[in-house]
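Source file: start-v8.txt (compact mmCIF, C-alpha atoms)
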# COMPACT_ATOMS: atom_id res chain seq x y z
CA GLU A 1 19.05 11.89 -179.84
CA HIS A 2 15.52 13.16 -180.59
CA LYS A 3 15.55 11.36 -183.94
CA SER A 4 16.54 8.10 -182.27
CA ALA A 5 13.81 8.43 -179.63
CA MET A 6 11.06 9.14 -182.16
CA THR A 7 12.22 6.31 -184.43
CA THR A 8 11.91 4.00 -181.43
CA PHE A 9 8.39 5.27 -180.76
CA LEU A 10 7.39 4.59 -184.37
CA GLU A 11 8.91 1.13 -184.46
CA SER A 12 7.26 0.25 -181.14
CA ASN A 13 3.85 1.62 -182.17
CA ILE A 14 3.94 4.08 -179.26
CA PRO A 15 1.58 6.99 -180.00
CA PHE A 16 3.31 10.38 -180.02
CA VAL A 17 2.89 13.84 -181.52
CA THR A 18 5.65 16.31 -182.36
CA VAL A 19 5.29 20.03 -181.69
CA GLY A 20 7.04 21.70 -184.60
CA LYS A 21 7.95 20.29 -188.00
CA CYS A 22 9.82 17.00 -188.03
CA GLN A 23 11.77 16.71 -191.28
CA PHE A 24 13.41 13.37 -190.63
CA LEU A 25 10.13 11.56 -189.82
CA SER A 26 7.75 12.21 -192.68
CA ASN A 27 5.04 9.99 -191.18
CA ALA A 28 5.02 11.69 -187.77
CA TYR A 29 1.84 13.26 -186.45
CA GLN A 30 2.67 16.88 -185.80
CA VAL A 31 1.35 20.28 -184.81
CA CYS A 32 3.22 23.36 -185.93
CA THR A 33 2.97 27.01 -186.88
CA ASP A 34 3.50 28.53 -190.31
CA ASN A 35 6.95 29.97 -189.68
CA TYR A 36 7.30 31.34 -193.20
CA LYS A 37 4.05 33.28 -192.96
CA GLY A 38 4.93 34.58 -189.48
CA ALA A 39 8.32 35.83 -190.64
CA MET A 40 6.71 37.44 -193.68
CA LEU A 41 4.31 39.29 -191.36
CA ALA A 42 7.31 40.66 -189.47
CA MET A 43 9.06 41.77 -192.65
CA GLU A 44 5.94 43.33 -194.15
CA HIS A 45 5.51 45.32 -190.94
CA LEU A 46 9.06 46.72 -191.11
CA LEU A 47 8.84 47.43 -194.83
CA GLY A 48 5.51 49.14 -194.31
CA LEU A 49 7.17 51.46 -191.80
CA GLY A 50 9.63 52.52 -194.50
CA HIS A 51 12.63 50.46 -193.41
CA ARG A 52 14.92 49.32 -196.21
CA ARG A 53 18.15 48.49 -194.39
CA ILE A 54 16.92 45.47 -192.44
CA ALA A 55 19.26 42.87 -190.97
CA TYR A 56 18.27 39.44 -189.71
CA ILE A 57 19.42 37.35 -186.75
CA ASN A 58 18.48 33.73 -187.40
CA GLY A 59 18.08 30.83 -184.99
CA PRO A 60 20.30 27.72 -185.03
CA HIS A 61 20.69 26.47 -188.62
CA PHE A 62 19.66 22.90 -187.78
CA LEU A 63 16.12 23.95 -186.77
CA PRO A 64 13.50 23.73 -189.56
CA SER A 65 11.90 26.93 -188.24
CA SER A 66 15.17 28.81 -188.78
CA GLY A 67 15.24 27.85 -192.44
CA GLU A 68 11.64 28.93 -193.00
CA ARG A 69 12.06 32.27 -191.23
CA CYS A 70 15.28 33.05 -193.08
CA ARG A 71 13.67 32.17 -196.41
CA ALA A 72 10.84 34.62 -195.71
CA TYR A 73 13.36 37.37 -194.84
CA LEU A 74 15.24 36.83 -198.09
CA ASP A 75 12.06 36.62 -200.18
CA ALA A 76 10.74 39.86 -198.67
CA MET A 77 13.99 41.70 -199.35
CA ARG A 78 14.20 40.38 -202.91
CA ALA A 79 10.58 41.34 -203.60
CA GLU A 80 11.53 44.96 -202.84
CA ASN A 81 14.82 44.72 -204.76
CA LEU A 82 16.72 45.38 -201.54
CA PRO A 83 20.30 44.14 -201.24
CA VAL A 84 21.29 41.60 -198.62
CA THR A 85 25.03 42.00 -198.36
CA GLU A 86 27.58 40.04 -196.38
CA GLY A 87 27.10 40.38 -192.65
CA MET A 88 23.42 41.35 -192.75
CA ILE A 89 22.44 37.84 -191.64
CA ARG A 90 23.86 36.38 -188.45
CA GLU A 91 23.10 33.12 -186.70
CA GLY A 92 22.27 33.19 -183.01
CA GLY A 93 21.77 30.47 -180.46
CA ASN A 94 18.31 31.46 -179.22
CA SER A 95 19.87 33.05 -176.14
CA ILE A 96 20.12 36.61 -174.86
CA GLU A 97 23.92 36.47 -175.12
CA SER A 98 23.92 35.29 -178.74
CA GLY A 99 21.47 38.04 -179.69
CA TYR A 100 23.75 40.63 -178.11
CA ALA A 101 26.87 39.32 -179.88
CA ALA A 102 25.15 39.04 -183.27
CA THR A 103 23.84 42.60 -183.03
CA LYS A 104 27.28 43.98 -182.21
CA GLU A 105 28.67 42.22 -185.28
CA ILE A 106 25.90 43.55 -187.52
CA LEU A 107 26.20 47.14 -186.29
CA SER A 108 29.95 47.04 -186.71
CA ALA A 109 29.67 45.90 -190.33
CA HIS A 110 26.50 47.83 -191.18
CA PRO A 111 26.09 50.98 -189.05
CA ASP A 112 23.35 52.19 -191.41
CA ILE A 113 20.92 49.43 -190.38
CA THR A 114 17.53 50.86 -189.30
CA ALA A 115 15.72 47.65 -188.35
CA LEU A 116 16.42 44.16 -187.10
CA PHE A 117 14.25 41.08 -187.53
CA VAL A 118 15.16 38.57 -184.81
CA ALA A 119 14.16 34.91 -184.87
CA SER A 120 13.32 34.66 -181.16
CA ASP A 121 12.25 36.87 -178.27
CA TYR A 122 15.11 35.65 -176.09
CA MET A 123 17.66 36.88 -178.60
CA ALA A 124 15.72 40.13 -179.03
CA ILE A 125 16.35 41.05 -175.39
CA GLY A 126 20.08 40.83 -176.09
CA VAL A 127 19.58 42.75 -179.32
CA GLU A 128 17.99 45.66 -177.47
CA SER A 129 20.84 45.75 -174.96
CA ALA A 130 23.42 45.78 -177.74
CA VAL A 131 21.63 48.62 -179.53
CA ARG A 132 21.48 50.61 -176.30
CA ASP A 133 25.15 49.92 -175.49
CA SER A 134 26.03 51.18 -178.97
CA GLY A 135 24.54 54.57 -178.13
CA MET A 136 21.27 54.12 -180.02
CA ARG A 137 17.65 53.84 -179.02
CA VAL A 138 14.80 51.44 -179.76
CA PRO A 139 12.72 52.26 -181.75
CA ASP A 140 13.96 55.80 -182.45
CA ASP A 141 17.15 54.68 -184.17
CA ILE A 142 16.55 50.97 -184.74
CA SER A 143 13.28 49.05 -184.82
CA ILE A 144 13.14 45.44 -183.61
CA VAL A 145 10.65 42.70 -184.51
CA SER A 146 11.03 39.27 -182.97
CA PHE A 147 9.25 35.92 -183.03
CA ASP A 148 7.49 33.81 -180.34
CA ASN A 149 5.52 36.22 -178.10
CA VAL A 150 6.64 34.59 -174.88
CA LEU A 151 5.05 35.81 -171.67
CA TYR A 152 7.51 38.56 -170.72
CA THR A 153 7.76 40.35 -174.09
CA GLY A 154 4.83 42.65 -173.41
CA LEU A 155 6.21 43.47 -169.97
CA SER A 156 9.85 44.12 -170.87
CA ARG A 157 11.43 47.56 -170.97
CA ILE A 158 11.06 47.85 -174.73
CA SER A 159 7.72 46.00 -175.07
CA LEU A 160 8.60 43.92 -178.12
CA THR A 161 6.70 43.84 -181.36
CA THR A 162 6.68 40.12 -182.08
CA VAL A 163 5.03 37.30 -183.97
CA ASP A 164 2.75 35.16 -181.83
CA TYR A 165 2.93 31.53 -182.91
CA HIS A 166 0.21 30.53 -180.43
CA ILE A 167 2.08 28.07 -178.25
CA ASN A 168 -1.03 27.47 -176.12
CA LEU A 169 -3.05 26.46 -179.18
CA LEU A 170 -0.23 24.22 -180.37
CA ALA A 171 -0.02 22.51 -177.00
CA GLN A 172 -3.78 21.97 -176.87
CA ALA A 173 -3.83 20.64 -180.42
CA ALA A 174 -1.01 18.23 -179.59
CA ILE A 175 -2.87 16.92 -176.55
CA ASP A 176 -6.12 16.56 -178.49
CA LEU A 177 -4.40 14.70 -181.32
CA LEU A 178 -2.57 12.41 -178.92
CA LEU A 179 -5.82 11.59 -177.10
CA ARG A 180 -7.46 10.76 -180.42
CA ARG A 181 -4.57 8.48 -181.31
CA THR A 182 -4.88 6.59 -178.03
CA ASN A 183 -8.68 6.34 -178.24
CA PRO A 184 -9.79 2.94 -179.62
CA SER A 185 -12.92 4.50 -181.10
CA ALA A 186 -11.04 7.26 -182.95
CA ASP A 187 -11.65 7.83 -186.62
CA ALA A 188 -9.86 4.99 -188.42
CA ALA A 189 -9.35 7.10 -191.53
CA LEU A 190 -7.47 9.70 -189.51
CA LEU A 191 -5.27 7.24 -187.68
CA SER A 192 -4.43 5.24 -190.79
CA SER A 193 -3.21 8.27 -192.73
CA ALA A 194 0.50 8.35 -193.46
CA ARG A 195 0.85 11.81 -192.03
CA PHE A 196 -1.35 14.20 -190.10
CA LYS A 197 -0.46 17.81 -189.47
CA VAL A 198 -2.23 20.58 -187.57
CA GLU A 199 -0.90 24.04 -188.51
CA CYS A 200 -1.66 27.22 -186.57
CA THR A 201 -1.70 30.64 -188.23
CA PRO A 202 0.72 33.13 -186.60
CA GLN A 203 -0.25 36.71 -185.76
CA LEU A 204 1.80 39.91 -185.51
CA VAL A 205 1.52 41.67 -182.14
CA VAL A 206 2.56 45.31 -182.53
CA ARG A 207 4.02 46.96 -179.42
CA ARG A 208 6.61 49.68 -178.87
CA SER A 209 9.83 48.31 -180.39
CA THR A 210 8.99 49.42 -183.94
CA ALA A 211 8.47 52.86 -185.46
CA PRO A 212 8.58 54.53 -188.88
CA CYS A 213 12.04 54.81 -190.38
CA ARG A 214 13.50 58.28 -189.86
CA SER A 215 16.50 58.09 -192.19

Can you give me the file's structure in the form of structure tokens?
Amino acid sequence: EHKSAMTTFLESNIPFVTVGKCQFLSNAYQVCTDNYKGAMLAMEHLLGLGHRRIAYINGPHFLPSSGERCRAYLDAMRAENLPVTEGMIREGGNSIESGYAATKEILSAHPDITALFVASDYMAIGVESAVRDSGMRVPDDISIVSFDNVLYTGLSRISLTTVDYHINLLAQAAIDLLLRRTNPSADAALLSSARFKVECTPQLVVRRSTAPCRS
């Protein structure tokens, strides 16, 4: 549905900007964050705290961001010669419920896990509940790092350590780019380019859901 709408915009010469990478429209103007770098920041943080048994809960497989974040997780584990065995990666649906269910599955298959990297803050809330319902504590028994830094993460019970992908900057960049595209006096070289991308650099925000590995 989104692909069809954007194809119509392109064919009709209607100016638009995508927020997030758009793989099926290579000539789309877009603003995005470096998901690979953000996920690597999360993994480097956990590894730096001494964690070696780290599981990952990914977002929906059809999202480009999910592929980039999962690739960073795998690259970080391989760089440290750490095994990623069956069941250490689960796919969630970017919801609290899916985070809860995925965590239960991971803990059942891998009770020795000491840290979880979670692809979204919404899922991380469910992750924390599942850890607590399993008789463990965050971050004493299991550390959690998530991705997004939505408004409530710093106010939640566990105060999530998360990757900030700067949604406000992305939104402002999208508006600025769209205004330039609709301005008759805009730089012709910019508007005639086949593709224009603005990429924001993510930042790790350390709070209270991570701690040094104790095992």

> Using all atoms listed in the file, which of A:Arg214, A:Arg207, A:Arg180, A:Arg157 sits nearest Tyr29 in chain A?
Replying inline: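 Smallest distance to Tyr29 in chain A is found for A:Arg180.
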
I want to know what sits within 9 Å of Pro139 in chain A, based on all atoms listed in the file, with residues of the same chain fewer than 4 positions away left out; could you give that as a tab-separated table (two decimals) with C-alpha atoms, in the frame of the given file?
chain	number	residue	atom	x	y	z
A	115	ALA	CA	15.72	47.65	-188.35
A	143	SER	CA	13.28	49.05	-184.82
A	144	ILE	CA	13.14	45.44	-183.61
A	158	ILE	CA	11.06	47.85	-174.73
A	208	ARG	CA	6.61	49.68	-178.87
A	209	SER	CA	9.83	48.31	-180.39
A	210	THR	CA	8.99	49.42	-183.94
A	211	ALA	CA	8.47	52.86	-185.46
A	212	PRO	CA	8.58	54.53	-188.88

> Distance CA of Thr201 in chain A-CA of Gly126 in chain A, one decimal place?
Replying inline: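 Separation of CA of Thr201 in chain A and CA of Gly126 in chain A: 26.9 Å.
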
> Please, what distance in Å, to one decimal, runs between CA of Ser66 in chain A and CA of Ser215 in chain A?
Replying inline: 29.5 Å

> Counting only C-alpha atoms, which of A:Asn81, A:Asn94, A:Gln172, A:Asn35 gets nearest to Gly67 in chain A?
Replying inline: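 Residue with the minimum atom-to-atom distance to Gly67 in chain A: A:Asn35.
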
> What is the distance, in Å and to one decimal place, between CA of Thr182 in chain A and CA of His166 in chain A?
Replying inline: 24.6 Å

> Skipping near chain neighbours, those fewer than 4 positions away, what residues fall within 7 Å of range 53-55 of chain A using all atoms listed in the file, listed as a ChimeraX atom specification?
Replying inline: /A:88-89,113-117

> Which residue gives the smallest distance to Ser65 in chain A among A:Leu41, A:Ile125, A:Val138, A:Asp148, with only C-alpha atoms counted?
Replying inline: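 Smallest distance to Ser65 in chain A is found for A:Asp148.
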
> Could you pull the residues within 12 Å of Ala72 in chain A, counting only C-alpha atoms, minus those fewer than 2 positions along the same chain, as a ChimeraX atom specification?
Replying inline: /A:34-44,56,58,65-70,74-79,117,119

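Between Gly99 in chain A and the residues A:Asp141, A:Asp112, A:Asp133, A:Asp121, the shortest atom-to-atom distance, using all atoms listed in the file, involves A:Asp121.
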
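Residue nearest Ser120 in chain A, chosen from A:Ile142, A:Leu178, A:Leu46, A:Ile96 and counting all atoms listed in the file: A:Ile96.
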